[in-house]
Amino acid sequence: MLKKLPKKSTYFSSNAISHSKMLQELFDYTMKIGKLIGANLLDADYVKMNLRMGLTITLLTLTMIEVCFNIYEFRDDMVRILLCLLNFSAGIQGYIKIYTFVMRQQNNLDLKNRAEKFQENFNSLKTSQVFEDCLMKAAHVGAILTALYVVATFIVACYPVI
């Protein structure tokens, strides 16, 4: 277990950053990968069906079809079936994420705006400390999830090679 948690400067631009700036940097960080696949969801002028998002959905669908075919093809090999089922569950999670974050983008954008207004309205020393603690926890969880997604993506991407 970690004896010492990372400081603010590990995740953010400095240790003296305000909680509202921390929130904005967290939003910006989360959208870096989203912009690569056409899901820059926190932009007000975001178009749900753009070329990159269409290609992402097409790739996900083709991968799911290939996994279903491989489950049928390797029905006698339990290890391959388990690997296929792992990839199948990853595809289902992909569809869930597309629905949650892309198709319901306006709700997420509204939630982001409400969070920013809430922080502006309750701006005292005590609430600032509470916000900073919560945002640091979110940064820790985000770092762990990023590492897990990278490892999971590597494992799922290796499937066609195997």
# chains A, B, ... in the order shown; residues from 1 in each chain; ligands from 1
>>> residues_around(residues="range 66-79 of chain A", least_positions_apart="2", cutoff="12 Å", atoms="only C-alpha atoms", output="JSON, numbers by chain")
{"A": [59, 60, 61, 62, 63, 64, 81, 82, 83, 84, 85, 86, 87, 88, 89, 90, 91, 92, 156, 159, 160, 162]}
>>> residues_around(residues="range 12-17 of chain A", least_positions_apart="5", cutoff="10 Å", atoms="only C-alpha atoms", output="list in words")
Lys7, Met22, Leu23, Glu25, Leu26, Tyr29, Glu132, Met136 and Ala139 of chain A
>>> atom_distance(atom1="CA of Phe122 in chain A", atom2="CA of Leu135 in chain A")
15.3 Å
>>> residues_around(residues="range 49-54 of chain A", least_positions_apart="4", cutoff="7 Å", atoms="only C-alpha atoms", output="ChimeraX atom specification")
/A:37-39,58
>>> closest_residue(among="A:Val150, A:Ala143, A:Met103, A:Leu125", to="Val47 in chain A", atoms="only C-alpha atoms")
A:Met103
>>> decode(residues="range 11-149 of chain A", atoms="C-alpha atoms", output="PDB file, in the first residue's frame")
ATOM      1  CA  TYR A  11      -1.790  15.671 -11.282  1.00  0.00           C
ATOM      2  CA  PHE A  12      -2.259  19.406 -11.707  1.00  0.00           C
ATOM      3  CA  SER A  13      -0.198  22.374 -12.859  1.00  0.00           C
ATOM      4  CA  SER A  14       0.923  23.386  -9.335  1.00  0.00           C
ATOM      5  CA  ASN A  15       0.415  22.816  -5.617  1.00  0.00           C
ATOM      6  CA  ALA A  16      -1.169  26.262  -5.201  1.00  0.00           C
ATOM      7  CA  ILE A  17      -3.964  25.673  -7.722  1.00  0.00           C
ATOM      8  CA  SER A  18      -7.545  26.557  -6.747  1.00  0.00           C
ATOM      9  CA  HIS A  19     -10.272  23.933  -6.618  1.00  0.00           C
ATOM     10  CA  SER A  20     -12.157  25.453  -9.558  1.00  0.00           C
ATOM     11  CA  LYS A  21      -9.009  25.317 -11.694  1.00  0.00           C
ATOM     12  CA  MET A  22      -8.449  21.718 -10.514  1.00  0.00           C
ATOM     13  CA  LEU A  23     -11.931  20.802 -11.728  1.00  0.00           C
ATOM     14  CA  GLN A  24     -11.291  22.431 -15.100  1.00  0.00           C
ATOM     15  CA  GLU A  25      -7.975  20.580 -15.495  1.00  0.00           C
ATOM     16  CA  LEU A  26      -9.686  17.280 -14.652  1.00  0.00           C
ATOM     17  CA  PHE A  27     -12.305  17.938 -17.329  1.00  0.00           C
ATOM     18  CA  ASP A  28      -9.596  18.860 -19.844  1.00  0.00           C
ATOM     19  CA  TYR A  29      -7.600  15.726 -19.053  1.00  0.00           C
ATOM     20  CA  THR A  30     -10.584  13.425 -19.438  1.00  0.00           C
ATOM     21  CA  MET A  31     -11.362  14.879 -22.843  1.00  0.00           C
ATOM     22  CA  LYS A  32      -7.854  14.308 -24.270  1.00  0.00           C
ATOM     23  CA  ILE A  33      -8.571  10.680 -25.120  1.00  0.00           C
ATOM     24  CA  GLY A  34     -12.174  11.472 -25.979  1.00  0.00           C
ATOM     25  CA  LYS A  35     -11.053  13.895 -28.690  1.00  0.00           C
ATOM     26  CA  LEU A  36      -8.916  11.167 -30.278  1.00  0.00           C
ATOM     27  CA  ILE A  37     -11.942   8.946 -30.883  1.00  0.00           C
ATOM     28  CA  GLY A  38     -14.361  11.748 -31.762  1.00  0.00           C
ATOM     29  CA  ALA A  39     -15.980  12.077 -28.347  1.00  0.00           C
ATOM     30  CA  ASN A  40     -15.063  15.577 -27.205  1.00  0.00           C
ATOM     31  CA  LEU A  41     -18.208  15.499 -25.107  1.00  0.00           C
ATOM     32  CA  LEU A  42     -17.692  18.565 -22.969  1.00  0.00           C
ATOM     33  CA  ASP A  43     -17.649  20.901 -25.953  1.00  0.00           C
ATOM     34  CA  ALA A  44     -20.943  22.747 -26.308  1.00  0.00           C
ATOM     35  CA  ASP A  45     -20.892  22.414 -30.111  1.00  0.00           C
ATOM     36  CA  TYR A  46     -20.239  18.653 -30.107  1.00  0.00           C
ATOM     37  CA  VAL A  47     -21.880  16.677 -32.923  1.00  0.00           C
ATOM     38  CA  LYS A  48     -22.781  13.140 -31.849  1.00  0.00           C
ATOM     39  CA  MET A  49     -22.246  11.450 -35.173  1.00  0.00           C
ATOM     40  CA  ASN A  50     -18.949  12.616 -36.588  1.00  0.00           C
ATOM     41  CA  LEU A  51     -16.479  10.656 -38.701  1.00  0.00           C
ATOM     42  CA  ARG A  52     -14.267   9.527 -35.821  1.00  0.00           C
ATOM     43  CA  MET A  53     -17.200   8.432 -33.690  1.00  0.00           C
ATOM     44  CA  GLY A  54     -18.682   6.573 -36.659  1.00  0.00           C
ATOM     45  CA  LEU A  55     -15.375   4.776 -37.188  1.00  0.00           C
ATOM     46  CA  THR A  56     -15.169   3.946 -33.477  1.00  0.00           C
ATOM     47  CA  ILE A  57     -18.678   2.446 -33.468  1.00  0.00           C
ATOM     48  CA  THR A  58     -17.932   0.550 -36.689  1.00  0.00           C
ATOM     49  CA  LEU A  59     -14.716  -0.868 -35.227  1.00  0.00           C
ATOM     50  CA  LEU A  60     -16.523  -1.878 -32.049  1.00  0.00           C
ATOM     51  CA  THR A  61     -19.308  -3.575 -34.008  1.00  0.00           C
ATOM     52  CA  LEU A  62     -16.901  -5.428 -36.291  1.00  0.00           C
ATOM     53  CA  THR A  63     -14.896  -6.569 -33.277  1.00  0.00           C
ATOM     54  CA  MET A  64     -18.058  -7.871 -31.598  1.00  0.00           C
ATOM     55  CA  ILE A  65     -19.006  -9.780 -34.780  1.00  0.00           C
ATOM     56  CA  GLU A  66     -15.509 -11.283 -34.948  1.00  0.00           C
ATOM     57  CA  VAL A  67     -15.674 -12.302 -31.278  1.00  0.00           C
ATOM     58  CA  CYS A  68     -19.062 -13.973 -31.779  1.00  0.00           C
ATOM     59  CA  PHE A  69     -17.694 -15.825 -34.812  1.00  0.00           C
ATOM     60  CA  ASN A  70     -14.650 -16.920 -32.802  1.00  0.00           C
ATOM     61  CA  ILE A  71     -16.819 -18.178 -29.946  1.00  0.00           C
ATOM     62  CA  TYR A  72     -18.594 -20.392 -32.465  1.00  0.00           C
ATOM     63  CA  GLU A  73     -15.389 -21.357 -34.277  1.00  0.00           C
ATOM     64  CA  PHE A  74     -13.462 -22.334 -31.126  1.00  0.00           C
ATOM     65  CA  ARG A  75     -16.387 -23.879 -29.219  1.00  0.00           C
ATOM     66  CA  ASP A  76     -14.246 -26.896 -28.317  1.00  0.00           C
ATOM     67  CA  ASP A  77     -11.370 -24.898 -26.797  1.00  0.00           C
ATOM     68  CA  MET A  78     -12.402 -23.579 -23.360  1.00  0.00           C
ATOM     69  CA  VAL A  79      -9.413 -21.214 -22.980  1.00  0.00           C
ATOM     70  CA  ARG A  80     -10.158 -19.436 -26.254  1.00  0.00           C
ATOM     71  CA  ILE A  81     -13.847 -19.229 -25.412  1.00  0.00           C
ATOM     72  CA  LEU A  82     -13.030 -17.583 -22.081  1.00  0.00           C
ATOM     73  CA  LEU A  83     -10.754 -15.081 -23.835  1.00  0.00           C
ATOM     74  CA  CYS A  84     -13.502 -14.410 -26.371  1.00  0.00           C
ATOM     75  CA  LEU A  85     -16.028 -13.889 -23.578  1.00  0.00           C
ATOM     76  CA  LEU A  86     -13.637 -11.420 -21.945  1.00  0.00           C
ATOM     77  CA  ASN A  87     -13.445  -9.491 -25.209  1.00  0.00           C
ATOM     78  CA  PHE A  88     -17.204  -9.742 -25.631  1.00  0.00           C
ATOM     79  CA  SER A  89     -17.754  -8.193 -22.205  1.00  0.00           C
ATOM     80  CA  ALA A  90     -15.325  -5.404 -23.129  1.00  0.00           C
ATOM     81  CA  GLY A  91     -17.400  -4.724 -26.236  1.00  0.00           C
ATOM     82  CA  ILE A  92     -20.585  -4.555 -24.208  1.00  0.00           C
ATOM     83  CA  GLN A  93     -18.885  -2.048 -21.893  1.00  0.00           C
ATOM     84  CA  GLY A  94     -17.923  -0.064 -25.001  1.00  0.00           C
ATOM     85  CA  TYR A  95     -21.549   0.157 -26.113  1.00  0.00           C
ATOM     86  CA  ILE A  96     -22.582   1.158 -22.590  1.00  0.00           C
ATOM     87  CA  LYS A  97     -19.977   3.926 -22.524  1.00  0.00           C
ATOM     88  CA  ILE A  98     -21.077   5.188 -25.943  1.00  0.00           C
ATOM     89  CA  TYR A  99     -24.687   5.364 -24.781  1.00  0.00           C
ATOM     90  CA  THR A 100     -23.881   6.899 -21.407  1.00  0.00           C
ATOM     91  CA  PHE A 101     -21.386   9.505 -22.534  1.00  0.00           C
ATOM     92  CA  VAL A 102     -22.177  10.159 -26.195  1.00  0.00           C
ATOM     93  CA  MET A 103     -25.894   9.678 -26.656  1.00  0.00           C
ATOM     94  CA  ARG A 104     -26.639  11.398 -23.327  1.00  0.00           C
ATOM     95  CA  GLN A 105     -24.005  14.083 -23.875  1.00  0.00           C
ATOM     96  CA  GLN A 106     -26.350  16.974 -23.177  1.00  0.00           C
ATOM     97  CA  ASN A 107     -27.127  15.611 -19.702  1.00  0.00           C
ATOM     98  CA  ASN A 108     -23.415  15.264 -18.961  1.00  0.00           C
ATOM     99  CA  LEU A 109     -22.735  18.798 -20.189  1.00  0.00           C
ATOM    100  CA  ASP A 110     -25.550  20.091 -17.972  1.00  0.00           C
ATOM    101  CA  LEU A 111     -24.105  18.179 -15.008  1.00  0.00           C
ATOM    102  CA  LYS A 112     -20.663  19.720 -15.668  1.00  0.00           C
ATOM    103  CA  ASN A 113     -22.158  23.220 -15.763  1.00  0.00           C
ATOM    104  CA  ARG A 114     -24.077  22.612 -12.529  1.00  0.00           C
ATOM    105  CA  ALA A 115     -20.897  21.356 -10.808  1.00  0.00           C
ATOM    106  CA  GLU A 116     -19.053  24.524 -11.857  1.00  0.00           C
ATOM    107  CA  LYS A 117     -21.891  26.765 -10.628  1.00  0.00           C
ATOM    108  CA  PHE A 118     -22.052  24.856  -7.350  1.00  0.00           C
ATOM    109  CA  GLN A 119     -18.353  25.478  -6.772  1.00  0.00           C
ATOM    110  CA  GLU A 120     -18.734  29.164  -7.571  1.00  0.00           C
ATOM    111  CA  ASN A 121     -21.690  29.590  -5.179  1.00  0.00           C
ATOM    112  CA  PHE A 122     -20.063  27.798  -2.241  1.00  0.00           C
ATOM    113  CA  ASN A 123     -16.639  29.376  -2.202  1.00  0.00           C
ATOM    114  CA  SER A 124     -15.294  29.548   1.342  1.00  0.00           C
ATOM    115  CA  LEU A 125     -12.092  28.307   2.925  1.00  0.00           C
ATOM    116  CA  LYS A 126     -13.738  25.208   4.401  1.00  0.00           C
ATOM    117  CA  THR A 127     -15.632  24.237   1.232  1.00  0.00           C
ATOM    118  CA  SER A 128     -12.523  24.898  -0.825  1.00  0.00           C
ATOM    119  CA  GLN A 129     -10.602  22.355   1.276  1.00  0.00           C
ATOM    120  CA  VAL A 130     -13.437  19.816   0.930  1.00  0.00           C
ATOM    121  CA  PHE A 131     -13.526  20.319  -2.848  1.00  0.00           C
ATOM    122  CA  GLU A 132      -9.747  19.939  -3.070  1.00  0.00           C
ATOM    123  CA  ASP A 133      -9.837  16.698  -1.070  1.00  0.00           C
ATOM    124  CA  CYS A 134     -12.592  15.277  -3.260  1.00  0.00           C
ATOM    125  CA  LEU A 135     -10.867  16.343  -6.466  1.00  0.00           C
ATOM    126  CA  MET A 136      -7.595  14.782  -5.302  1.00  0.00           C
ATOM    127  CA  LYS A 137      -9.470  11.525  -4.672  1.00  0.00           C
ATOM    128  CA  ALA A 138     -10.950  11.789  -8.162  1.00  0.00           C
ATOM    129  CA  ALA A 139      -7.454  12.348  -9.572  1.00  0.00           C
ATOM    130  CA  HIS A 140      -6.119   9.266  -7.746  1.00  0.00           C
ATOM    131  CA  VAL A 141      -8.992   7.129  -9.007  1.00  0.00           C
ATOM    132  CA  GLY A 142      -8.564   8.558 -12.500  1.00  0.00           C
ATOM    133  CA  ALA A 143      -4.882   7.660 -12.526  1.00  0.00           C
ATOM    134  CA  ILE A 144      -5.642   4.104 -11.438  1.00  0.00           C
ATOM    135  CA  LEU A 145      -8.453   3.739 -13.989  1.00  0.00           C
ATOM    136  CA  THR A 146      -6.243   5.121 -16.747  1.00  0.00           C
ATOM    137  CA  ALA A 147      -3.627   2.482 -15.985  1.00  0.00           C
ATOM    138  CA  LEU A 148      -6.292  -0.240 -15.875  1.00  0.00           C
ATOM    139  CA  TYR A 149      -7.789   0.866 -19.202  1.00  0.00           C
TER     140      TYR A 149
END
